[in-house]
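Text of final_0.txt, listed as compact mmCIF, C-alpha atoms:
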# COMPACT_ATOMS: atom_id res chain seq x y z
CA MET S 362 126.25 85.41 131.23
CA THR S 363 123.62 87.97 130.29
CA ASP S 364 124.08 89.87 133.54
CA ALA S 365 127.76 90.21 132.76
CA ALA S 366 129.17 93.54 131.66
CA PRO S 367 129.50 94.05 127.91
CA ALA S 368 132.63 92.54 126.38
CA ASN S 369 133.54 96.04 125.21
CA GLU S 370 131.42 98.77 126.73
CA LYS S 371 132.62 101.43 124.31
CA LEU S 372 131.91 99.22 121.33
CA LEU S 373 128.36 98.49 122.56
CA ALA S 374 127.66 102.22 122.96
CA THR S 375 129.08 102.87 119.50
CA ALA S 376 127.10 100.01 117.92
CA GLY S 377 123.90 101.16 119.66
CA ALA S 378 124.28 104.65 118.25
CA LEU S 379 125.43 103.37 114.84
CA PHE S 380 122.63 100.85 114.28
CA VAL S 381 119.85 103.34 115.02
CA SER S 382 121.54 105.84 112.69
CA PHE S 383 120.92 103.64 109.63
CA PRO S 384 118.42 105.31 107.28
CA HIS S 385 115.55 102.88 107.81
CA CYS S 386 115.90 103.18 111.60
CA VAL S 387 115.90 106.96 111.33
CA THR S 388 112.76 106.70 109.16
CA LEU S 389 111.07 104.78 111.97
CA GLY S 390 112.40 107.15 114.64
CA MET S 391 114.26 104.37 116.46
CA GLN S 392 116.09 105.41 119.63
CA TYR S 393 118.80 103.52 121.53
CA LEU S 394 118.01 103.91 125.23
CA GLY S 395 121.10 102.09 126.51
CA SER S 396 121.85 98.65 127.85
CA VAL S 397 121.63 96.82 131.14
CA GLY S 398 124.61 94.49 131.12
CA ARG S 399 124.51 92.95 127.66
CA LYS S 400 120.82 93.64 127.05
CA PRO S 401 120.10 96.72 124.91
CA THR S 402 116.73 98.48 124.80
CA LEU S 403 115.36 100.44 121.85
CA LYS S 404 112.23 102.53 121.50
CA VAL S 405 109.93 103.54 118.64
CA ASP S 406 107.30 106.17 119.31
CA TRP S 407 103.81 105.61 117.92
CA ARG S 408 103.30 107.64 114.76
CA ASP S 409 100.35 107.70 112.40
CA ASP S 410 102.51 106.93 109.35
CA LEU S 411 103.70 103.68 111.00
CA VAL S 412 100.20 102.28 111.33
CA GLY S 413 99.27 98.98 109.67
CA ASN S 414 95.53 98.92 110.21
CA PRO S 415 94.05 102.41 109.85
CA ALA S 416 90.74 101.32 111.40
CA SER S 417 92.37 100.36 114.69
CA GLY S 418 95.49 102.56 114.61
CA VAL S 419 97.66 99.58 115.52
CA LEU S 420 101.30 99.85 114.40
CA HIS S 421 102.31 97.75 111.39
CA GLY S 422 103.98 94.42 112.20
CA GLY S 423 106.90 95.52 110.05
CA VAL S 424 107.82 98.10 112.69
CA ILE S 425 108.09 95.26 115.23
CA THR S 426 110.24 93.25 112.80
CA SER S 427 112.61 96.19 112.35
CA ILE S 428 112.99 96.98 116.05
CA VAL S 429 113.52 93.27 116.90
CA ASP S 430 116.13 92.90 114.14
CA THR S 431 118.00 96.05 115.17
CA THR S 432 117.89 95.48 118.94
CA SER S 433 118.99 91.86 118.48
CA ALA S 434 121.91 92.93 116.30
CA ILE S 435 123.05 95.41 118.97
CA ALA S 436 122.76 92.62 121.57
CA VAL S 437 125.21 90.56 119.51
CA THR S 438 127.76 93.39 119.58
CA ALA S 439 127.56 93.39 123.40
CA HIS S 440 129.50 90.13 123.25
CA MET S 441 132.19 91.34 120.85
CA ASP S 442 135.59 92.78 121.57
CA GLU S 443 135.77 94.32 118.12
CA LEU S 444 132.99 95.34 115.75
CA GLU S 445 132.43 92.94 112.89
CA THR S 446 129.78 93.06 110.17
CA ILE S 447 126.86 90.80 111.00
CA ALA S 448 123.86 89.84 108.89
CA THR S 449 120.50 88.45 109.97
CA LEU S 450 120.17 84.84 108.87
CA ASP S 451 116.63 84.27 110.07
CA LEU S 452 114.05 85.88 112.27
CA ARG S 453 110.78 84.75 113.77
CA ILE S 454 108.24 86.98 115.44
CA ASP S 455 105.37 85.78 117.58
CA TYR S 456 102.65 88.40 117.88
CA LEU S 457 101.37 87.80 121.40
CA LYS S 458 98.81 90.60 121.35
CA ALA S 459 98.02 93.75 119.41
CA ALA S 460 100.06 96.83 120.28
CA THR S 461 98.07 99.66 121.86
CA PRO S 462 97.59 102.62 119.48
CA GLY S 463 99.30 105.79 120.67
CA LYS S 464 101.83 104.02 122.87
CA ALA S 465 105.57 103.75 122.26
CA ILE S 466 107.05 100.30 121.67
CA TYR S 467 110.16 99.17 123.53
CA CYS S 468 112.33 96.23 122.59
CA THR S 469 114.91 94.53 124.81
CA ALA S 470 117.12 91.81 123.35
CA GLU S 471 119.86 89.46 124.43
CA CYS S 472 122.33 87.28 122.63
CA TYR S 473 122.15 83.99 124.52
CA ARG S 474 124.81 82.19 122.52
CA LEU S 475 127.68 83.54 120.48
CA ALA S 476 129.24 80.69 118.53
CA SER S 477 132.22 81.04 116.22
CA GLN S 478 130.11 81.74 113.14
CA ILE S 479 126.53 82.21 114.39
CA ALA S 480 124.94 84.40 117.06
CA PHE S 481 121.58 83.39 118.62
CA THR S 482 119.27 86.07 120.01
CA ARG S 483 115.89 86.53 121.63
CA ALA S 484 113.91 89.72 122.11
CA VAL S 485 110.69 91.01 123.64
CA CYS S 486 108.62 94.02 122.61
CA TYR S 487 106.40 95.74 125.15
CA HIS S 488 104.78 99.01 126.18
CA ASP S 489 105.19 99.23 129.94
CA SER S 490 107.01 96.11 131.10
CA PRO S 491 108.88 93.20 129.48
CA ASP S 492 106.70 91.00 131.69
CA ASP S 493 103.69 92.05 129.64
CA PRO S 494 105.02 91.52 126.10
CA ILE S 495 103.39 92.41 122.78
CA ALA S 496 105.73 90.31 120.68
CA HIS S 497 108.58 87.87 121.05
CA GLY S 498 111.35 87.49 118.51
CA VAL S 499 114.14 84.98 117.99
CA ALA S 500 116.86 85.42 115.43
CA THR S 501 120.20 84.12 114.26
CA PHE S 502 122.97 86.23 112.78
CA MET S 503 125.94 85.29 110.61
CA ARG S 504 129.14 86.68 112.05
CA ASP S 505 131.75 88.32 109.84
CA SER S 506 129.24 88.40 107.00
CA ASN S 507 131.13 90.95 104.97
CA PRO S 508 134.74 92.11 104.91
CA LYS S 509 133.53 95.68 104.49
CA PRO S 510 133.51 97.33 107.94
CA MET S 511 130.19 98.82 109.12
CA LEU S 512 132.01 101.67 110.79
CA VAL S 513 134.29 103.62 108.50
CA GLU S 514 136.46 105.43 111.03
CA GLY S 515 136.63 102.48 113.41
CA ALA S 516 135.58 104.69 116.31
CA ALA S 517 135.26 101.74 118.67
CA MET U 1290 82.91 94.61 109.35
CA SER U 1291 85.59 97.14 109.97
CA GLN U 1292 85.69 100.32 107.98
CA PHE U 1293 89.13 99.30 106.77
CA MET U 1294 87.82 96.04 105.28
CA GLU U 1295 84.90 97.85 103.70
CA THR U 1296 87.30 100.28 102.03
CA PHE U 1297 89.64 97.47 101.02
CA LEU U 1298 86.94 95.35 99.40
CA ALA U 1299 85.58 98.30 97.44
CA LEU U 1300 89.08 99.17 96.16
CA ARG U 1301 89.80 95.52 95.35
CA ASP U 1302 86.72 95.18 93.19
CA GLU U 1303 87.91 98.13 91.13
CA LYS U 1304 91.54 96.97 91.21
CA ARG U 1305 92.66 100.34 92.57
CA PHE U 1306 96.08 99.08 93.63
CA ALA U 1307 97.61 102.46 94.46
CA ASP U 1308 94.65 103.35 96.68
CA ILE U 1309 94.95 100.05 98.54
CA ILE U 1310 98.58 100.79 99.38
CA ALA U 1311 97.65 104.36 100.29
CA ALA U 1312 95.16 102.96 102.81
CA VAL U 1313 97.97 101.29 104.78
CA PRO U 1314 100.13 104.10 106.22
CA TYR U 1315 103.31 102.06 106.79
CA ALA U 1316 103.12 100.46 103.32
CA ARG U 1317 102.94 103.96 101.88
CA LEU U 1318 105.90 105.06 103.99
CA MET U 1319 108.00 102.13 102.74
CA GLY U 1320 107.03 103.01 99.16
CA VAL U 1321 105.29 99.72 98.29
CA ALA U 1322 103.60 99.32 94.92
CA CYS U 1323 101.37 96.50 93.81
CA GLY U 1324 99.74 95.15 90.67
CA GLU U 1325 99.04 91.92 88.84
CA ASP U 1326 101.46 89.72 86.92
CA GLU U 1327 100.60 88.20 83.53
CA SER U 1328 98.71 85.34 85.19
CA GLY U 1329 96.61 87.66 87.31
CA GLU U 1330 98.45 86.99 90.58
CA LEU U 1331 99.27 89.88 92.88
CA LEU U 1332 102.83 91.15 92.54
CA PHE U 1333 104.31 93.53 95.08
CA SER U 1334 107.29 95.75 94.41
CA LEU U 1335 109.41 98.10 96.44
CA PRO U 1336 111.46 100.53 94.36
CA PHE U 1337 114.79 101.32 95.97
CA ALA U 1338 114.74 104.27 98.36
CA GLU U 1339 117.61 105.58 100.47
CA ARG U 1340 115.39 105.70 103.57
CA ASN U 1341 114.96 101.90 103.44
CA VAL U 1342 118.67 101.16 103.80
CA GLY U 1343 120.12 99.36 106.82
CA ASN U 1344 123.85 98.92 106.50
CA THR U 1345 124.98 102.03 104.62
CA THR U 1346 128.49 100.87 103.73
CA LEU U 1347 127.33 97.97 101.53
CA PRO U 1348 124.61 99.42 101.01
CA ALA U 1349 121.86 96.90 101.82
CA LEU U 1350 118.14 97.15 102.48
CA HIS U 1351 117.36 96.90 106.21
CA GLY U 1352 116.42 93.35 107.20
CA GLY U 1353 113.50 94.64 109.24
CA LEU U 1354 112.24 96.57 106.25
CA ILE U 1355 112.39 93.44 104.06
CA GLY U 1356 110.40 91.69 106.79
CA GLY U 1357 107.81 94.46 106.90
CA PHE U 1358 107.48 94.45 103.12
CA LEU U 1359 106.92 90.67 103.06
CA GLU U 1360 104.52 90.68 105.99
CA ASN U 1361 102.52 93.43 104.35
CA ALA U 1362 102.47 91.48 101.07
CA ALA U 1363 101.19 88.37 102.86
CA LEU U 1364 98.39 90.26 104.59
CA LEU U 1365 97.22 92.06 101.45
CA HIS U 1366 97.50 88.89 99.36
CA LEU U 1367 95.32 87.04 101.85
CA MET U 1368 92.75 89.84 102.06
CA TRP U 1369 92.72 90.06 98.26
CA ASN U 1370 91.95 86.37 97.86
CA ARG U 1371 89.32 86.03 100.56
CA GLU U 1372 85.67 86.88 100.72
CA SER U 1373 85.61 87.39 104.45
CA LEU U 1374 84.80 90.78 105.83
CA GLU U 1375 87.09 90.35 108.79
CA ALA U 1376 90.71 91.50 108.61
CA PRO U 1377 93.12 88.60 109.22
CA LYS U 1378 95.37 88.97 112.27
CA ILE U 1379 98.98 87.93 112.10
CA VAL U 1380 99.96 85.25 114.62
CA ASP U 1381 103.57 84.62 113.74
CA PHE U 1382 106.01 85.40 111.00
CA SER U 1383 109.20 83.57 110.12
CA LEU U 1384 111.74 84.94 107.71
CA ASP U 1385 114.91 83.48 106.19
CA TYR U 1386 117.37 85.92 104.70
CA LEU U 1387 119.18 84.36 101.73
CA ARG U 1388 120.94 87.30 100.10
CA SER U 1389 121.43 90.93 100.99
CA GLY U 1390 118.91 93.34 99.49
CA LYS U 1391 120.75 95.47 96.93
CA ALA U 1392 120.02 99.05 95.91
CA THR U 1393 117.40 98.07 93.36
CA THR U 1394 113.69 97.12 93.26
CA LEU U 1395 112.59 94.29 95.54
CA TYR U 1396 109.68 92.10 94.43
CA ALA U 1397 107.44 89.79 96.41
CA GLN U 1398 104.79 87.24 95.60
CA CYS U 1399 102.73 85.06 97.94
CA GLU U 1400 100.98 81.75 97.97
CA ILE U 1401 98.21 80.69 100.33
CA THR U 1402 99.34 77.21 101.31
CA LYS U 1403 96.37 76.49 103.50
CA GLN U 1404 93.24 78.33 104.41
CA GLY U 1405 91.29 76.72 107.21
CA LYS U 1406 88.32 77.97 109.20
CA ARG U 1407 90.48 79.68 111.78
CA VAL U 1408 94.01 79.86 110.46
CA ALA U 1409 95.69 80.56 107.13
CA HIS U 1410 99.27 79.75 106.17
CA VAL U 1411 100.95 82.00 103.61
CA LEU U 1412 104.32 81.58 101.89
CA ILE U 1413 106.14 84.67 100.67
CA GLU U 1414 109.12 84.96 98.36
CA ALA U 1415 111.20 88.06 97.64
CA TRP U 1416 113.72 88.59 94.86
CA GLN U 1417 115.42 91.36 92.88
CA GLU U 1418 116.79 90.95 89.33
CA ASP U 1419 116.50 87.18 89.17
CA ARG U 1420 113.54 85.30 90.56
CA ARG U 1421 115.69 82.17 90.85
CA LYS U 1422 117.90 83.98 93.36
CA PRO U 1423 115.57 84.89 96.21
CA VAL U 1424 116.60 87.61 98.68
CA ALA U 1425 114.32 86.18 101.35
CA VAL U 1426 111.62 83.60 101.88
CA ALA U 1427 109.06 83.81 104.64
CA ARG U 1428 105.93 82.23 105.96
CA ALA U 1429 103.18 83.61 108.12
CA HIS U 1430 100.20 82.33 110.06
CA PHE U 1431 97.08 84.47 110.23
CA LEU U 1432 94.07 84.14 112.48
CA LEU U 1433 90.98 84.46 110.32
CA SER U 1434 88.20 84.77 112.84
CA THR U 1435 87.74 86.09 116.32
CA PRO U 1436 85.58 84.05 118.70
CA SER U 1437 82.27 85.81 119.23
Before we go any further, please render this structure as structure tokens.
Amino acid sequence: MTDAAPANEKLLATAGALFVSFPHCVTLGMQYLGSVGRKPTLKVDWRDDLVGNPASGVLHGGVITSIVDTTSAIAVTAHMDELETIATLDLRIDYLKAATPGKAIYCTAECYRLASQIAFTRAVCYHDSPDDPIAHGVATFMRDSNPKPMLVEGAA
Amino acid sequence: MSQFMETFLALRDEKRFADIIAAVPYARLMGVACGEDESGELLFSLPFAERNVGNTTLPALHGGLIGGFLENAALLHLMWNRESLEAPKIVDFSLDYLRSGKATTLYAQCEITKQGKRVAHVLIEAWQEDRRKPVAVARAHFLLSTPS
């Protein structure tokens, strides 16, 4: 299922660009690098104002939370024919090891179950390879959480 | 003892809240403030800022930002209430979103549920106008010591 092509390739590209354009994502410098099948990958470059522990220079855990939340949300849209507003219901992050100061963080996510009302996702954060993860995140999203469309022009 | 903990403990003893936040770059970027409530417990606040928005059409605070704010609150709350000279390390963090974060100040307060030799468990609650209507609740585990 996850190797399948996106349900709507154009919508996934639009959602990827849209979600990283939200102000908080711009603040973090989040970039959408594209998707393999239905698995999107995002990147945040290391920056000194994103550090949590100034003694070590390790990025703040909140940066991981944001990239996991955003990448997972984009992964949900890879399964949709039309864009609907989704909202994170819950999110859990396991910090497997400290991020390396100075290195960019990548996050790849997949939606492994899209039910009628809930979407279930998992994500990994890493520097060089998803096989050597820094953090693991699982989340659930409410579908159709708000009648107000996220995209005003409906470009998808 | 890390230089960070040394700085933190010195600032804590003088209750220099603004300087504590200033020592954590990402907390400063988010715009976190902290102080004490009437019973002397730490109270964190995050005045609304456009740069913290996720969905712009609602508008709502970004879920990841709310997570970062709460995680930061838990860490500082734990450091504030401990004597140890070692900085706690976060192990895992679990967050339930109950309401969307509106364009107004977000508050957070924490409770150390358990503090063992190696691990601490911290509960975090976030709300806006009405404390009885939480925006999010979270819990975190921290590792308190590193094996020598």
- [ ] Select residues of chain U: the criterion is any atom within 10 Å of an atom of chain S, counting all atoms listed in the file; output as number ranges by chain.
- [x] U: 1291-1294, 1312-1319, 1338-1348, 1350-1361, 1376, 1378-1389, 1425-1430
Open item on the list: Would you compute the distance between atom CA of S:Lys404 and atom CA of S:Leu475? Give it in Å to one decimal.
Closed with: 24.5 Å
- [ ] Write out as a list in words which residues come within 6 Å of S:Phe481 when counting all atoms listed in the file, dropping same-chain ones fewer than 2 positions away.
- [x]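 So, after excluding close chain neighbours, the residues are Cys472, Tyr473, Arg474 and Thr501 of chain S.
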- [ ] Determine, counting only C-alpha atoms, which protein, DNA and RNA residues have an atom within 9 Å of an atom of stretch 1393-1408 of chain U; residues of the same chain fewer than 3 positions away are not included. Present the result as a ChimeraX atom specification.
- [x] /U:1330-1338,1355,1358-1359,1362-1363,1366-1367,1370,1377,1390,1411-1418,1420,1424,1430-1435
Task: Length of the atom CA of U:Arg1421 to atom CA of U:Glu1325 vector [Å] - done: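 Taking atom CA of U:Arg1421 as the start and atom CA of U:Glu1325 as the end point, the length is 19.4 Å.
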Task: Distance of atom CA of S:Ala368 from atom CA of S:Asp489, expressed in Å to one decimal place - done: 28.5 Å
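Shortest atom-to-atom contact with S:Gln392 among S:Pro462, S:Ala366, S:Cys468, S:Glu445: S:Cys468, counting all atoms listed in the file.
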TODO: Can you work out which one of S:Val485, S:Met503, S:Ile466, S:Leu372 has the shortest atom-to-atom distance to S:Ala439, counting only C-alpha atoms?
DONE: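 Smallest distance to S:Ala439 is found for S:Leu372.
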If I wrap all listed atoms of stretch 499-507 of chain S in a box with edges along x, y and z and add 3 Å on each side, what are its centre and edge lengths in Å to one decimal, as AutoDock Vina command-line options?
--center_x 122.9 --center_y 87.5 --center_z 111.5 --size_x 23.6 --size_y 12.8 --size_z 19.0
Can you put N, CA, C and O atoms back into stretch 1317-1330 of chain U and show it as a JSON list (two decimals), in the coordinates of the input?
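Here's the written file selection_30.json:
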[["chain", "number", "residue", "atom", "x", "y", "z"],
["U", 1317, "ARG", "N", 102.71, 102.73, 102.64],
["U", 1317, "ARG", "CA", 102.94, 103.96, 101.88],
["U", 1317, "ARG", "C", 104.29, 104.55, 102.25],
["U", 1317, "ARG", "O", 105.05, 105.00, 101.39],
["U", 1318, "LEU", "N", 104.61, 104.52, 103.53],
["U", 1318, "LEU", "CA", 105.90, 105.06, 103.99],
["U", 1318, "LEU", "C", 107.07, 104.28, 103.39],
["U", 1318, "LEU", "O", 108.06, 104.86, 102.96],
["U", 1319, "MET", "N", 106.94, 102.94, 103.33],
["U", 1319, "MET", "CA", 108.00, 102.13, 102.74],
["U", 1319, "MET", "C", 108.13, 102.42, 101.24],
["U", 1319, "MET", "O", 109.21, 102.33, 100.68],
["U", 1320, "GLY", "N", 107.02, 102.75, 100.60],
["U", 1320, "GLY", "CA", 107.03, 103.01, 99.16],
["U", 1320, "GLY", "C", 106.59, 101.80, 98.35],
["U", 1320, "GLY", "O", 106.99, 101.65, 97.19],
["U", 1321, "VAL", "N", 105.76, 100.95, 98.95],
["U", 1321, "VAL", "CA", 105.29, 99.72, 98.29],
["U", 1321, "VAL", "C", 104.40, 100.05, 97.10],
["U", 1321, "VAL", "O", 103.62, 101.01, 97.13],
["U", 1322, "ALA", "N", 104.53, 99.25, 96.04],
["U", 1322, "ALA", "CA", 103.60, 99.32, 94.92],
["U", 1322, "ALA", "C", 103.06, 97.92, 94.70],
["U", 1322, "ALA", "O", 103.69, 96.94, 95.09],
["U", 1323, "CYS", "N", 101.89, 97.83, 94.08],
["U", 1323, "CYS", "CA", 101.37, 96.50, 93.81],
["U", 1323, "CYS", "C", 100.55, 96.49, 92.54],
["U", 1323, "CYS", "O", 100.07, 97.52, 92.07],
["U", 1324, "GLY", "N", 100.47, 95.32, 91.92],
["U", 1324, "GLY", "CA", 99.74, 95.15, 90.67],
["U", 1324, "GLY", "C", 99.55, 93.68, 90.41],
["U", 1324, "GLY", "O", 99.70, 92.88, 91.34],
["U", 1325, "GLU", "N", 99.23, 93.33, 89.17],
["U", 1325, "GLU", "CA", 99.04, 91.92, 88.84],
["U", 1325, "GLU", "C", 100.09, 91.49, 87.84],
["U", 1325, "GLU", "O", 100.47, 92.28, 86.96],
["U", 1326, "ASP", "N", 100.55, 90.22, 87.95],
["U", 1326, "ASP", "CA", 101.46, 89.72, 86.92],
["U", 1326, "ASP", "C", 100.64, 89.20, 85.74],
["U", 1326, "ASP", "O", 99.41, 89.31, 85.75],
["U", 1327, "GLU", "N", 101.31, 88.61, 84.75],
["U", 1327, "GLU", "CA", 100.60, 88.20, 83.53],
["U", 1327, "GLU", "C", 99.54, 87.12, 83.78],
["U", 1327, "GLU", "O", 98.60, 86.98, 83.01],
["U", 1328, "SER", "N", 99.71, 86.37, 84.91],
["U", 1328, "SER", "CA", 98.71, 85.34, 85.19],
["U", 1328, "SER", "C", 97.64, 85.82, 86.17],
["U", 1328, "SER", "O", 96.84, 85.04, 86.67],
["U", 1329, "GLY", "N", 97.66, 87.10, 86.46],
["U", 1329, "GLY", "CA", 96.61, 87.66, 87.31],
["U", 1329, "GLY", "C", 96.87, 87.53, 88.81],
["U", 1329, "GLY", "O", 96.01, 87.82, 89.63],
["U", 1330, "GLU", "N", 98.09, 87.09, 89.16],
["U", 1330, "GLU", "CA", 98.45, 86.99, 90.58],
["U", 1330, "GLU", "C", 98.99, 88.32, 91.07],
["U", 1330, "GLU", "O", 99.67, 89.03, 90.30]]
